[in-house]
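The file protein-v9.txt contains compact mmCIF, C-alpha atoms and all ligand atoms:
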```
# COMPACT_ATOMS: atom_id res chain seq x y z
CA MET A 1 -130.01 -53.82 37.43
CA SER A 2 -128.26 -52.58 34.30
CA ILE A 3 -125.62 -54.42 32.29
CA ASN A 4 -121.94 -53.80 32.92
CA LEU A 5 -120.95 -51.67 29.94
CA GLY A 6 -117.38 -51.42 31.17
CA LYS A 7 -116.94 -55.10 30.30
CA LEU A 8 -118.17 -54.52 26.77
CA PHE A 9 -116.25 -51.46 25.67
CA SER A 10 -113.45 -51.89 23.15
CA GLU A 11 -109.92 -51.02 24.22
CA ALA A 12 -110.14 -47.86 22.08
CA ALA A 13 -113.46 -46.86 23.70
CA ALA A 14 -112.09 -47.46 27.18
CA LYS A 15 -109.08 -45.20 26.45
CA GLN A 16 -111.14 -42.62 24.56
CA LYS A 17 -110.67 -38.94 25.37
CA ALA A 18 -113.31 -36.44 24.28
CA SER A 19 -112.13 -33.56 22.10
CA PRO A 20 -111.30 -30.66 24.44
CA ILE A 21 -112.75 -28.26 21.87
CA ARG A 22 -116.13 -30.00 21.77
CA GLU A 23 -116.12 -30.04 25.59
CA MET A 24 -115.56 -26.29 25.61
CA MET A 25 -118.45 -25.58 23.29
CA SER A 26 -120.87 -25.67 26.23
CA SER A 27 -118.88 -22.94 28.05
CA ALA A 28 -118.81 -20.95 24.80
CA LYS A 29 -122.62 -20.70 24.99
CA LYS A 30 -122.46 -18.93 28.38
CA PRO A 31 -123.94 -15.42 27.99
CA GLY A 32 -121.25 -12.83 27.35
CA MET A 33 -118.53 -15.40 26.62
CA ILE A 34 -116.18 -14.44 23.77
CA SER A 35 -114.87 -17.60 22.19
CA PHE A 36 -111.61 -17.82 20.30
CA ALA A 37 -111.74 -21.60 20.77
CA GLY A 38 -113.53 -23.53 18.00
CA GLY A 39 -112.01 -23.16 14.53
CA MET A 40 -115.35 -22.26 13.00
CA PRO A 41 -116.21 -20.20 9.94
CA ASP A 42 -118.19 -17.01 10.50
CA PRO A 43 -121.90 -17.89 10.15
CA ASP A 44 -122.59 -14.26 9.20
CA ILE A 45 -121.11 -14.97 5.79
CA PHE A 46 -122.86 -18.26 5.12
CA PRO A 47 -124.63 -17.84 1.75
CA LEU A 48 -128.13 -18.42 3.13
CA ASP A 49 -130.20 -17.23 0.16
CA LEU A 50 -127.88 -18.56 -2.53
CA PHE A 51 -127.76 -21.96 -0.88
CA ALA A 52 -131.52 -22.02 -0.38
CA GLU A 53 -131.94 -21.36 -4.12
CA CYS A 54 -129.77 -24.40 -4.84
CA SER A 55 -132.48 -26.61 -3.40
CA ASP A 56 -134.04 -26.32 -6.88
CA ILE A 57 -131.87 -29.29 -7.71
CA ILE A 58 -134.27 -31.43 -5.67
CA ARG A 59 -136.87 -30.79 -8.38
CA THR A 60 -134.48 -31.28 -11.30
CA ASP A 61 -132.38 -34.20 -10.07
CA GLY A 62 -134.27 -35.34 -6.97
CA LYS A 63 -134.74 -38.88 -8.20
CA THR A 64 -130.96 -39.27 -8.10
CA ILE A 65 -129.96 -37.20 -5.08
CA LEU A 66 -132.69 -38.57 -2.81
CA GLN A 67 -131.68 -42.13 -3.78
CA TYR A 68 -128.70 -44.17 -2.53
CA GLY A 69 -125.69 -43.12 -4.57
CA THR A 70 -122.31 -44.47 -5.52
CA THR A 71 -119.83 -44.64 -2.65
CA ASP A 72 -117.15 -42.62 -4.42
CA GLY A 73 -119.42 -39.61 -4.87
CA TYR A 74 -122.09 -37.84 -6.94
CA PRO A 75 -120.60 -37.87 -10.46
CA PRO A 76 -121.34 -34.22 -11.38
CA LEU A 77 -119.68 -33.03 -8.15
CA LYS A 78 -116.65 -35.24 -8.78
CA GLU A 79 -116.35 -33.76 -12.24
CA PHE A 80 -116.57 -30.24 -10.80
CA ILE A 81 -113.93 -30.93 -8.14
CA SER A 82 -111.64 -32.41 -10.73
CA GLN A 83 -111.88 -29.30 -12.96
CA TRP A 84 -111.86 -26.74 -10.16
CA THR A 85 -108.82 -28.17 -8.39
CA ALA A 86 -106.79 -28.84 -11.56
CA PRO A 87 -104.54 -25.75 -11.16
CA ARG A 88 -103.61 -26.79 -7.62
CA MET A 89 -103.39 -30.51 -8.34
CA GLY A 90 -101.22 -29.98 -11.42
CA LYS A 91 -103.63 -32.07 -13.48
CA THR A 92 -107.28 -32.93 -13.92
CA VAL A 93 -107.62 -35.70 -11.35
CA ARG A 94 -109.17 -38.80 -12.92
CA ASP A 95 -112.46 -40.15 -11.62
CA GLU A 96 -110.78 -43.27 -10.18
CA GLU A 97 -108.36 -41.05 -8.25
CA LEU A 98 -111.06 -39.00 -6.53
CA LEU A 99 -113.28 -39.91 -3.58
CA VAL A 100 -115.92 -37.63 -2.03
CA THR A 101 -115.91 -37.96 1.76
CA SER A 102 -118.03 -36.93 4.73
CA GLY A 103 -115.91 -33.91 5.58
CA SER A 104 -112.18 -34.04 4.96
CA ILE A 105 -111.78 -35.48 8.46
CA GLN A 106 -113.04 -38.79 7.03
CA VAL A 107 -110.05 -39.02 4.70
CA ALA A 108 -107.72 -39.72 7.63
CA ASP A 109 -110.15 -42.29 9.02
CA LEU A 110 -110.39 -44.20 5.73
CA LEU A 111 -106.65 -44.03 5.22
CA ASN A 112 -106.07 -45.31 8.75
CA LEU A 113 -108.46 -48.21 8.08
CA SER A 114 -106.48 -48.98 4.93
CA VAL A 115 -102.90 -48.83 6.18
CA VAL A 116 -102.62 -48.64 9.98
CA GLU A 117 -102.13 -51.71 12.17
CA LYS A 118 -102.39 -51.24 15.92
CA GLY A 119 -99.01 -49.99 17.17
CA ASP A 120 -97.90 -48.52 13.83
CA TYR A 121 -96.47 -45.02 13.86
CA ILE A 122 -97.68 -41.93 12.02
CA ILE A 123 -95.37 -38.94 11.75
CA THR A 124 -97.20 -35.66 12.40
CA GLU A 125 -96.42 -32.03 12.93
CA SER A 126 -96.20 -31.14 16.60
CA PRO A 127 -98.58 -29.55 17.43
CA THR A 128 -101.24 -30.68 14.97
CA PHE A 129 -105.01 -30.80 14.33
CA LEU A 130 -106.85 -32.43 17.21
CA GLY A 131 -109.49 -34.15 15.08
CA THR A 132 -106.97 -36.29 13.26
CA ILE A 133 -105.01 -37.03 16.44
CA LEU A 134 -108.20 -38.45 17.95
CA ASP A 135 -108.89 -40.55 14.87
CA MET A 136 -105.33 -41.87 14.78
CA TYR A 137 -105.69 -42.99 18.39
CA ASN A 138 -109.02 -44.66 17.54
CA HIS A 139 -107.00 -46.88 15.20
CA GLY A 140 -104.41 -47.73 17.85
CA ALA A 141 -101.68 -45.74 16.09
CA ASN A 142 -98.67 -44.25 17.85
CA LEU A 143 -97.83 -40.69 16.92
CA CYS A 144 -94.38 -39.24 16.46
CA GLY A 145 -94.48 -35.43 16.55
CA ILE A 146 -91.98 -33.29 14.65
CA PRO A 147 -91.69 -29.64 15.75
CA CYS A 148 -92.58 -26.73 13.46
CA ASP A 149 -91.01 -23.33 12.91
CA ASN A 150 -91.99 -20.50 10.56
CA GLU A 151 -91.30 -22.73 7.55
CA GLY A 152 -93.52 -25.53 8.81
CA MET A 153 -92.49 -28.99 9.97
CA ILE A 154 -88.72 -29.30 10.53
CA VAL A 155 -88.51 -32.16 8.07
CA ASP A 156 -84.78 -32.80 8.63
CA GLN A 157 -85.74 -34.38 11.95
CA ILE A 158 -87.94 -37.03 10.31
CA PRO A 159 -85.31 -39.54 9.08
CA GLY A 160 -83.73 -39.87 12.55
CA GLU A 161 -87.15 -40.53 14.09
CA ILE A 162 -88.00 -43.14 11.45
CA GLU A 163 -84.68 -44.91 12.09
CA LYS A 164 -85.42 -44.95 15.84
CA ILE A 165 -88.94 -46.32 15.33
CA ARG A 166 -87.77 -48.99 12.90
CA SER A 167 -84.85 -50.07 15.09
CA SER A 168 -87.34 -50.67 17.91
CA GLY A 169 -89.18 -53.12 15.63
CA ASN A 170 -92.11 -50.84 14.74
CA GLU A 171 -93.42 -49.57 11.41
CA VAL A 172 -94.08 -46.05 10.18
CA LYS A 173 -96.93 -45.84 7.66
CA TYR A 174 -97.30 -42.22 6.71
CA ILE A 175 -96.48 -38.58 7.33
CA TYR A 176 -99.42 -36.33 8.12
CA THR A 177 -99.01 -32.67 7.22
CA ILE A 178 -101.18 -29.55 7.02
CA PRO A 179 -98.95 -27.60 4.67
CA ASN A 180 -100.87 -24.31 4.47
CA PHE A 181 -101.78 -22.11 7.47
CA GLN A 182 -101.41 -25.08 9.72
CA ASN A 183 -103.94 -25.82 12.45
CA PRO A 184 -103.05 -24.80 15.17
CA VAL A 185 -99.76 -23.00 14.44
CA GLY A 186 -100.69 -21.03 11.30
CA CYS A 187 -97.33 -21.78 9.61
CA THR A 188 -96.85 -22.78 5.95
CA LEU A 189 -94.45 -25.48 4.75
CA SER A 190 -91.73 -23.90 2.58
CA LEU A 191 -91.06 -25.10 -0.96
CA GLU A 192 -87.66 -26.47 0.03
CA ARG A 193 -89.22 -28.53 2.81
CA ARG A 194 -91.99 -29.76 0.51
CA LYS A 195 -89.31 -31.16 -1.79
CA LYS A 196 -87.47 -32.76 1.14
CA LEU A 197 -90.65 -34.29 2.52
CA LEU A 198 -91.34 -36.02 -0.79
CA GLU A 199 -87.76 -37.24 -0.90
CA ILE A 200 -88.08 -38.68 2.62
CA ALA A 201 -91.34 -40.43 1.71
CA ARG A 202 -89.64 -41.95 -1.32
CA ASN A 203 -86.52 -43.03 0.59
CA TYR A 204 -88.48 -44.63 3.41
CA ASN A 205 -91.42 -46.00 1.40
CA LEU A 206 -94.03 -43.87 3.19
CA LEU A 207 -97.27 -42.24 2.19
CA ILE A 208 -98.00 -38.56 2.84
CA LEU A 209 -101.44 -37.33 3.89
CA GLU A 210 -101.62 -33.70 2.71
CA ASP A 211 -104.52 -32.12 4.62
CA ASP A 212 -105.26 -28.77 3.00
CA PRO A 213 -108.66 -27.35 4.08
CA TYR A 214 -107.38 -23.75 4.34
CA ALA A 215 -105.63 -23.63 0.96
CA TYR A 216 -108.05 -21.13 -0.57
CA ILE A 217 -108.07 -18.79 2.46
CA ARG A 218 -104.79 -17.04 1.66
CA PHE A 219 -104.46 -13.35 2.64
CA ASP A 220 -100.89 -12.55 1.58
CA GLY A 221 -98.12 -14.04 -0.49
CA GLU A 222 -98.13 -16.57 -3.28
CA ASP A 223 -99.54 -20.09 -3.36
CA LEU A 224 -96.97 -22.84 -3.09
CA PRO A 225 -97.38 -26.01 -5.14
CA THR A 226 -99.20 -28.85 -3.45
CA LEU A 227 -97.20 -31.92 -2.47
CA TYR A 228 -99.69 -33.83 -4.62
CA SER A 229 -98.69 -31.87 -7.73
CA MET A 230 -94.98 -32.36 -6.98
CA ASP A 231 -95.26 -36.09 -6.31
CA THR A 232 -93.79 -38.48 -8.88
CA GLU A 233 -94.06 -41.66 -6.77
CA ASP A 234 -97.79 -42.03 -6.07
CA SER A 235 -97.07 -41.30 -2.42
CA VAL A 236 -99.49 -38.42 -1.70
CA ILE A 237 -103.14 -38.50 -0.66
CA PHE A 238 -104.55 -34.97 -0.83
CA ALA A 239 -107.53 -34.03 1.37
CA GLY A 240 -109.72 -31.03 0.50
CA SER A 241 -112.89 -29.58 2.00
CA PHE A 242 -115.89 -27.34 1.33
CA SER A 243 -116.09 -26.52 5.05
CA LYS A 244 -114.12 -23.26 4.99
CA VAL A 245 -115.15 -21.98 1.54
CA LEU A 246 -118.85 -22.84 1.74
CA ALA A 247 -120.08 -24.21 5.08
CA PRO A 248 -118.98 -27.07 7.37
CA GLY A 249 -122.58 -28.18 7.88
CA VAL A 250 -122.65 -29.69 4.40
CA ARG A 251 -120.02 -32.22 5.56
CA VAL A 252 -118.58 -32.58 2.09
CA GLY A 253 -114.86 -33.09 1.56
CA TRP A 254 -112.82 -35.13 -0.88
CA CYS A 255 -109.50 -36.78 -1.44
CA ALA A 256 -107.30 -37.34 -4.46
CA GLY A 257 -104.70 -40.06 -4.50
CA PRO A 258 -103.34 -43.18 -6.13
CA GLN A 259 -106.09 -45.37 -7.51
CA GLU A 260 -104.94 -48.47 -5.60
CA ILE A 261 -105.27 -46.76 -2.21
CA LEU A 262 -108.50 -44.97 -3.09
CA ARG A 263 -110.08 -48.27 -4.06
CA LYS A 264 -109.30 -49.66 -0.59
CA MET A 265 -110.60 -46.50 1.08
CA THR A 266 -113.79 -46.62 -1.03
CA VAL A 267 -114.54 -50.21 -0.01
CA PHE A 268 -114.06 -49.28 3.66
CA LYS A 269 -116.34 -46.29 3.15
CA GLN A 270 -119.10 -48.60 1.89
CA GLY A 271 -119.16 -50.16 5.34
CA VAL A 272 -118.82 -46.87 7.20
CA ASP A 273 -121.57 -44.71 5.70
CA THR A 274 -122.46 -46.16 2.24
CA SER A 275 -121.67 -42.74 0.78
CA THR A 276 -121.48 -39.12 1.80
CA SER A 277 -125.02 -37.69 1.70
CA ILE A 278 -125.89 -37.52 -2.00
CA LEU A 279 -128.43 -34.80 -1.17
CA ALA A 280 -125.67 -32.65 0.37
CA GLN A 281 -123.39 -33.37 -2.58
CA GLY A 282 -126.18 -32.38 -4.98
CA LEU A 283 -126.71 -29.06 -3.19
CA VAL A 284 -122.99 -28.35 -3.11
CA TYR A 285 -122.74 -29.23 -6.80
CA GLU A 286 -125.59 -26.89 -7.71
CA TYR A 287 -123.95 -24.08 -5.74
CA CYS A 288 -120.67 -24.67 -7.57
CA ARG A 289 -122.31 -25.11 -10.98
CA LYS A 290 -124.01 -21.73 -10.62
CA GLY A 291 -120.58 -20.18 -10.09
CA HIS A 292 -121.19 -19.06 -6.48
CA LEU A 293 -118.12 -20.78 -5.05
CA GLU A 294 -115.69 -18.97 -7.35
CA LYS A 295 -117.57 -15.68 -7.22
CA ARG A 296 -117.74 -15.50 -3.42
CA LEU A 297 -114.20 -16.62 -2.68
CA PRO A 298 -112.54 -13.16 -2.92
CA SER A 299 -115.04 -11.64 -0.47
CA ILE A 300 -114.60 -14.58 1.94
CA ILE A 301 -110.83 -14.06 1.86
CA ASP A 302 -111.27 -10.31 2.42
CA HIS A 303 -113.63 -10.94 5.32
CA TYR A 304 -111.15 -13.16 7.16
CA ARG A 305 -108.18 -10.93 6.27
CA VAL A 306 -109.90 -8.03 8.04
CA LYS A 307 -110.35 -10.22 11.13
CA ARG A 308 -106.75 -11.40 11.03
CA ASP A 309 -105.61 -7.77 10.83
CA VAL A 310 -107.90 -6.68 13.66
CA MET A 311 -106.50 -9.46 15.85
CA GLU A 312 -102.91 -8.55 14.95
CA LYS A 313 -103.54 -4.90 15.83
CA ALA A 314 -105.31 -5.83 19.06
CA PHE A 315 -102.35 -8.03 20.06
CA GLN A 316 -99.98 -5.10 19.53
CA GLN A 317 -102.25 -2.76 21.45
CA PHE A 318 -103.34 -4.90 24.40
CA LEU A 319 -100.90 -7.78 24.99
CA PRO A 320 -97.68 -7.46 27.01
CA THR A 321 -95.69 -7.90 23.80
CA ASP A 322 -92.34 -8.55 25.55
CA SER A 323 -93.86 -11.62 27.19
CA VAL A 324 -95.70 -13.22 24.29
CA ASN A 325 -94.52 -14.67 20.98
CA TYR A 326 -96.61 -15.15 17.87
CA THR A 327 -96.29 -14.99 14.08
CA LYS A 328 -98.79 -13.35 11.74
CA PRO A 329 -100.37 -16.15 9.66
CA GLN A 330 -100.62 -15.60 5.88
CA GLY A 331 -103.98 -17.32 5.75
CA GLY A 332 -106.32 -19.71 7.54
CA PHE A 333 -108.11 -19.14 10.83
CA PHE A 334 -105.53 -19.21 13.63
CA TYR A 335 -102.89 -17.47 15.70
CA TRP A 336 -100.66 -19.54 17.95
CA LEU A 337 -99.31 -17.77 21.01
CA GLU A 338 -96.48 -18.65 23.35
CA THR A 339 -96.16 -17.13 26.82
CA PRO A 340 -92.81 -18.36 28.22
CA GLU A 341 -93.43 -16.81 31.66
CA ILE A 342 -97.08 -17.86 32.04
CA LEU A 343 -98.54 -21.35 32.30
CA THR A 344 -101.46 -21.75 29.91
CA ASP A 345 -103.50 -23.52 32.61
CA ASP A 346 -103.26 -20.40 34.80
CA LEU A 347 -104.05 -18.09 31.91
CA PHE A 348 -107.03 -20.19 30.88
CA GLU A 349 -108.55 -19.94 34.37
CA LYS A 350 -108.10 -16.15 34.46
CA ALA A 351 -109.40 -15.81 30.90
CA VAL A 352 -112.59 -17.76 31.66
CA GLU A 353 -113.21 -15.47 34.66
CA LYS A 354 -113.05 -12.62 32.15
CA ASN A 355 -115.40 -14.40 29.76
CA ILE A 356 -112.80 -15.41 27.19
CA LEU A 357 -112.15 -18.86 25.78
CA PHE A 358 -109.20 -20.17 23.81
CA VAL A 359 -107.82 -23.66 23.32
CA LYS A 360 -104.92 -24.66 25.53
CA GLY A 361 -101.85 -25.93 23.72
CA GLU A 362 -101.39 -29.34 25.33
CA PRO A 363 -104.05 -31.41 23.49
CA PHE A 364 -102.57 -30.42 20.12
CA PHE A 365 -99.28 -32.11 20.94
CA PRO A 366 -99.06 -35.77 19.96
CA ASN A 367 -96.31 -36.30 22.53
CA GLU A 368 -95.21 -33.64 25.02
CA GLY A 369 -95.62 -29.87 24.98
CA GLY A 370 -97.99 -26.95 24.98
CA LYS A 371 -97.80 -25.87 28.62
CA HIS A 372 -97.03 -22.29 27.61
CA GLU A 373 -98.93 -22.17 24.33
CA PHE A 374 -102.48 -21.72 23.12
CA ARG A 375 -104.55 -21.22 19.96
CA MET A 376 -106.69 -18.21 19.16
CA CYS A 377 -109.16 -18.47 16.28
CA PHE A 378 -110.06 -15.17 14.60
CA SER A 379 -112.54 -16.45 12.00
CA PHE A 380 -115.57 -16.83 14.27
CA PRO A 381 -115.82 -13.81 16.64
CA SER A 382 -116.91 -10.43 15.33
CA VAL A 383 -114.41 -7.58 14.98
CA GLU A 384 -115.85 -5.99 18.15
CA MET A 385 -115.50 -9.25 20.04
CA ILE A 386 -111.92 -9.67 18.87
CA ASN A 387 -111.03 -6.23 20.22
CA GLU A 388 -112.82 -6.68 23.52
CA GLY A 389 -111.62 -10.27 23.99
CA VAL A 390 -107.97 -9.48 23.26
CA ARG A 391 -108.13 -6.47 25.60
CA ASN A 392 -109.39 -8.73 28.39
CA LEU A 393 -106.82 -11.37 27.53
CA GLY A 394 -104.10 -8.73 27.82
CA THR A 395 -105.40 -7.78 31.27
CA ALA A 396 -105.41 -11.47 32.30
CA MET A 397 -101.80 -11.87 31.13
CA LYS A 398 -100.62 -8.73 32.91
CA GLU A 399 -102.23 -9.93 36.16
CA LEU A 400 -100.19 -13.15 35.92
CA LEU A 401 -96.82 -11.57 35.10
C1 LIG A 501 -106.43 -29.24 9.48
C2 LIG A 501 -107.85 -29.65 9.40
N1 LIG A 501 -108.17 -30.78 8.76
C3 LIG A 501 -109.44 -31.19 8.65
C4 LIG A 501 -110.47 -30.48 9.22
C5 LIG A 501 -111.86 -31.02 9.12
O1 LIG A 501 -112.53 -30.42 8.11
P1 LIG A 501 -113.93 -30.99 7.57
O2 LIG A 501 -114.97 -30.09 8.09
O3 LIG A 501 -113.78 -30.96 6.09
O4 LIG A 501 -114.07 -32.40 8.06
C6 LIG A 501 -110.20 -29.31 9.92
C7 LIG A 501 -111.29 -28.56 10.55
O5 LIG A 501 -111.15 -27.66 11.30
C8 LIG A 501 -108.85 -28.89 10.01
O6 LIG A 501 -108.52 -27.78 10.67
```

Would you mind giving the structure from this file in structure tokens?
Ligand SMILES: Cc1ncc(COP(=O)(O)O)c(C=O)c1O
Amino acid sequence: MSINLGKLFSEAAAKQKASPIREMMSSAKKPGMISFAGGMPDPDIFPLDLFAECSDIIRTDGKTILQYGTTDGYPPLKEFISQWTAPRMGKTVRDEELLVTSGSIQVADLLNLSVVEKGDYIITESPTFLGTILDMYNHGANLCGIPCDNEGMIVDQIPGEIEKIRSSGNEVKYIYTIPNFQNPVGCTLSLERRKKLLEIARNYNLLILEDDPYAYIRFDGEDLPTLYSMDTEDSVIFAGSFSKVLAPGVRVGWCAGPQEILRKMTVFKQGVDTSTSILAQGLVYEYCRKGHLEKRLPSIIDHYRVKRDVMEKAFQQFLPTDSVNYTKPQGGFFYWLETPEILTDDLFEKAVEKNILFVKGEPFFPNEGGKHEFRMCFSFPSVEMINEGVRNLGTAMKELL
């Protein structure tokens, strides 16, 4: 006889839903399957030899990086991040305002531990990144989704939603935004809306979590200032990541924010994982110190721009363009498609028959939506796969129209 686990699970565990993307990964391994699902970097451009050479640091600083380290991060890496990000942050972030995390996904988790009570609301873009939605639910948060257009989140809708939430006796703690090349939509928050968002945070005493892992993967246009650099009220926590510019396997991200909040997050992190792997931080630091990060960035951007352009051309060539809406993203990894006359569930079934995977829209929506929408990632498949996969997707769509 085994014990009754059902009686032991927490409320959050009992309600837990697995990430639909992780669930799909097993189908993605089916022979011949072309996956546009997971938002993964292209492993063909991982810097295998350069990164292997960085393991020299084990000989030179092994006694430190193989030891337990300080929770807030490996000091040389913190110093590098502070210098490297200064142009985007608008200043050299001070040591006390910087925390190295286990991937940037951990930033949301530590912030949720620090500010979210069960039942509190978080304002998010709708749709938004699945990973953070799942973490927010782990903390018992309620999500209030604000729609996006080509200029990002329609921030004018936020005050009305806050008033509604507050008049029902609930609290809003923060606004979560992915301002550049948003996951999943690909849109970028305009300068005007960035200003308004900060004003709203100030007026309603809210924090902003600025999640910006794609910032450096810009193909066209000019960088816009980060919310962090525009903030005068200590309201922004900025999350950055090495996942897209180096490799996600290192699991090294960071956040910059007001010292008072970072101190709380750091103490929570002590109990979560002691610190992000100091060994991984040491390797990442060595890679950055040798100048590889900066040197390789232009070719990484070019590599993904080519894939974005191949996907754009394939859409024009193979999709029934009168029946599908999409916008060319200026950076990042994703296209977001809308098929008003086709249900995504039906398209997904047909697509899988034709050995194509994408992510259906629904799980990205914190509230309702996504029945006619889906996300296509162009960073992972090869150029040949993009062409073949989009051709088959076009056939699947035409069969359903
Ligand atoms: C918007 C967004 N935030 C955070 C992450 C997580 O990144 P990391 O690998 O740094 O945890 C991702 C990964 O895809 C993402 O798309």

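Our summary of the geometry notes that CA of Gly186 in chain A is positioned 9.7 Å from CA of Tyr326 in chain A.
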
> Can you tell me which residues sit at most 8 Å away from ligand LIG 501 (chain A), counting all atoms listed in the file, written as an NGL selection string?
Replying inline: :A and (39-40 or 102-106 or 128-129 or 131-132 or 178 or 182-184 or 211-214 or 240-244 or 248-249 or 251-253)

I need the residues from that last selection saved to file as a compact mmCIF listing (two decimals), keeping the file's coordinate frame (with C-alpha atoms), if you can.
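Below is the file that was written, part_19.txt:
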```txt
# COMPACT_ATOMS: atom_id res chain seq x y z
CA GLY A 39 -112.01 -23.16 14.53
CA MET A 40 -115.35 -22.26 13.00
CA SER A 102 -118.03 -36.93 4.73
CA GLY A 103 -115.91 -33.91 5.58
CA SER A 104 -112.18 -34.04 4.96
CA ILE A 105 -111.78 -35.48 8.46
CA GLN A 106 -113.04 -38.79 7.03
CA THR A 128 -101.24 -30.68 14.97
CA PHE A 129 -105.01 -30.80 14.33
CA GLY A 131 -109.49 -34.15 15.08
CA THR A 132 -106.97 -36.29 13.26
CA ILE A 178 -101.18 -29.55 7.02
CA GLN A 182 -101.41 -25.08 9.72
CA ASN A 183 -103.94 -25.82 12.45
CA PRO A 184 -103.05 -24.80 15.17
CA ASP A 211 -104.52 -32.12 4.62
CA ASP A 212 -105.26 -28.77 3.00
CA PRO A 213 -108.66 -27.35 4.08
CA TYR A 214 -107.38 -23.75 4.34
CA GLY A 240 -109.72 -31.03 0.50
CA SER A 241 -112.89 -29.58 2.00
CA PHE A 242 -115.89 -27.34 1.33
CA SER A 243 -116.09 -26.52 5.05
CA LYS A 244 -114.12 -23.26 4.99
CA PRO A 248 -118.98 -27.07 7.37
CA GLY A 249 -122.58 -28.18 7.88
CA ARG A 251 -120.02 -32.22 5.56
CA VAL A 252 -118.58 -32.58 2.09
CA GLY A 253 -114.86 -33.09 1.56
```

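We find CA of Phe219 in chain A and CA of Asp302 in chain A to be spaced 7.5 Å apart.
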
Can you tell me, as a PDB file with C-alpha atoms, in the frame of the given file, what residues are no more than 9 Å from Arg194 in chain A when counting all atoms listed in the file, ignoring any on the same chain fewer than 6 positions away?
```pdb
ATOM      1  CA  VAL A 155     -88.510 -32.160   8.070  1.00  0.00           C
ATOM      2  CA  PRO A 179     -98.950 -27.600   4.670  1.00  0.00           C
ATOM      3  CA  PRO A 225     -97.380 -26.010  -5.140  1.00  0.00           C
ATOM      4  CA  THR A 226     -99.200 -28.850  -3.450  1.00  0.00           C
ATOM      5  CA  LEU A 227     -97.200 -31.920  -2.470  1.00  0.00           C
ATOM      6  CA  MET A 230     -94.980 -32.360  -6.980  1.00  0.00           C
TER       7      MET A 230
END
```

> Do you have the CA of Tyr335 in chain A-CA of Val185 in chain A distance handy?
Replying inline: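 About the pair CA of Tyr335 in chain A and CA of Val185 in chain A: they are 6.5 Å apart.
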
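Of the residues listed (A:Ile58, A:Ala12, A:Ile3, A:Met33), A:Ala12 shows the shortest atom-to-atom separation from Met136 in chain A; distances use all atoms listed in the file.
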
Using all atoms listed in the file, find each residue of range 77-132 of chain A with at least one atom at most 6 Å away from an atom of range 354-370 of chain A; report its shortest atom-to-atom pair and that distance in Å (one decimal), sort the rows by chain and rising residue number, and return the result as a tab-separated table.
```
residue	atom	partner	partner_atom	distance
A:Ser126	CA	A:Phe365	CA	5.4
A:Pro127	CA	A:Phe365	CA	4.4
A:Thr128	CA	A:Phe364	CA	5.3
A:Leu130	CA	A:Phe364	CA	5.6
```
